[in-house]
Amino acid sequence: MADAKVIPFDEDRPRRRIPRRVRAVPAAEPVVESPAAPEPAPAAAPGDSWDRRIAGGLAFLRRRVTGDYEVDDFGYDKELTDQVLMSLMRPLYDKYFRVEVKGIENIPAEGGALIVANHSGTLPLDGLMLQVAVHDHHPAERHLRLLAADLVFMLPVVNELARKAGHTLACAEDAQRLLEAGELVGVMPEGFKGIGKPFGDRYKLQRFGRGGFVSTALRAGTPIVPCSIVGAEEIYPMVGNAKTLARLLGVPYFPITPTFPWLGPLGAVPLPTKWTIQFGEPIPTDGYAAEAAEDPMLMFNLTDQVREQIQHTLYKLLVQRRSVFF
């Protein structure tokens, strides 16, 4: 066997390095401490909301007893209206008549405006529902100051409540003062002719008077917003009018309906019809000269324009309505 060749080891010769695979280790990133997340606020106990309501109610009663509340020159009590009167009307508005509101964007966000609506229903519930519609649906939660007939302010209790809710006498002077102060004013020019018309004439607008509301808007330079209300005509279907009894009682009419007076107090409960309130495009008046309010032809034309717009919208809403009650 041949001798194996021996390769001498030379210490002075540089050693051969065998490369090794080394896995690269990424450099450690600096640790940044995140700010501590805020602790969630503890959930309010069920009793807390009731405590706040009771405390608010007691504070409200204290202000009522001590007289520490404000009313304006017309007797309007904003706090009482917001906290009590609106709360009483809202279930009737939301649950009973289930009012649907359209065109609320046509009511200006600020400044005066005159809202002109049709009138119906035997009892003036349409005015109250209109007031809730404006307050609850307008982004600015504006208040509507309604112009009411003299009879409203001759009735005990009703007189005080009407004043507290912001209603005032339907006269040009009061309406102009409110408009110039930047308030929303509501008027129903048909008056008792509209609210007391027979059921066979439902949704047929009666005469709008001599255009006094147009004259008031022209003097104040505020827009006129036509408003159409569908659903109020059927709450008390008026099939007759006891005129002799009405004269004895000193009221414009004494309604006879399918339920009143036959069922007594139960007959005074309105039927649960489905309502729609639509606000039309405003008609500007600020472009007219100051003496325009004295022009009878202009007032007649503007009055007729408002009336026709309301009547046309009523017919359109009636065609779209599926049912009186749904």
# chains A, B, ... in the order shown; residues from 1 in each chain; ligands from 1
call {"tool": "select_by_dssp", "arguments": {"residues": "range 171-273 of chain A", "states": "strand (DSSP E)", "output": "PyMOL selection string"}}
result
chain A and resi 184-187+224-230+240-241+255-256
call {"tool": "select_by_dssp", "arguments": {"residues": "range 130-216 of chain A", "states": "alpha helix (DSSP H)", "output": "JSON, numbers by chain"}}
result
{"A": [130, 131, 132, 133, 134, 135, 136, 137, 158, 159, 160, 161, 162, 163, 164, 172, 173, 174, 175, 176, 177, 178, 179, 180, 192, 193, 194, 195, 212, 213, 214, 215, 216]}
call {"tool": "residues_around", "arguments": {"residues": "range 156-164 of chain A", "least_positions_apart": "2", "cutoff": "7 Å", "atoms": "only C-alpha atoms", "output": "PDB file with C-alpha atoms, in the first residue's frame"}}
result
ATOM      1  CA  PHE A  74     -96.945  89.234  24.076  1.00  0.00           C
ATOM      2  CA  GLY A  75     -96.917  86.911  27.083  1.00  0.00           C
ATOM      3  CA  TYR A  76     -94.885  84.176  25.373  1.00  0.00           C
ATOM      4  CA  ASP A  77     -93.239  81.826  27.886  1.00  0.00           C
ATOM      5  CA  THR A  81     -93.733  75.983  25.963  1.00  0.00           C
ATOM      6  CA  VAL A 152    -109.408  82.238  21.476  1.00  0.00           C
ATOM      7  CA  PHE A 153    -108.549  85.146  23.784  1.00  0.00           C
ATOM      8  CA  MET A 154    -112.092  85.391  25.143  1.00  0.00           C
ATOM      9  CA  GLY A 166     -96.667  82.314  21.786  1.00  0.00           C
ATOM     10  CA  HIS A 167     -99.991  82.932  20.051  1.00  0.00           C
ATOM     11  CA  THR A 168    -101.206  86.467  19.606  1.00  0.00           C
TER      12      THR A 168
END
call {"tool": "atom_distance", "arguments": {"atom1": "CA of Ala217 in chain A", "atom2": "CA of Leu302 in chain A"}}
result
10.7 Å
call {"tool": "closest_residue", "arguments": {"among": "A:Gln311, A:Thr122, A:Gln320, A:Thr222", "to": "Gly287 in chain A", "atoms": "only C-alpha atoms"}}
result
A:Thr222
call {"tool": "residues_around", "arguments": {"residues": "His312 in chain A", "least_positions_apart": "6", "cutoff": "12 Å", "atoms": "only C-alpha atoms", "output": "MDAnalysis selection string"}}
result
chainID A and resid 118 203:205 226:229 278 280 304:306 318:319
call {"tool": "closest_residue", "arguments": {"among": "A:Glu100, A:Asp82, A:Asp94, A:Glu294", "to": "Arg321 in chain A", "atoms": "only C-alpha atoms"}}
result
A:Glu100
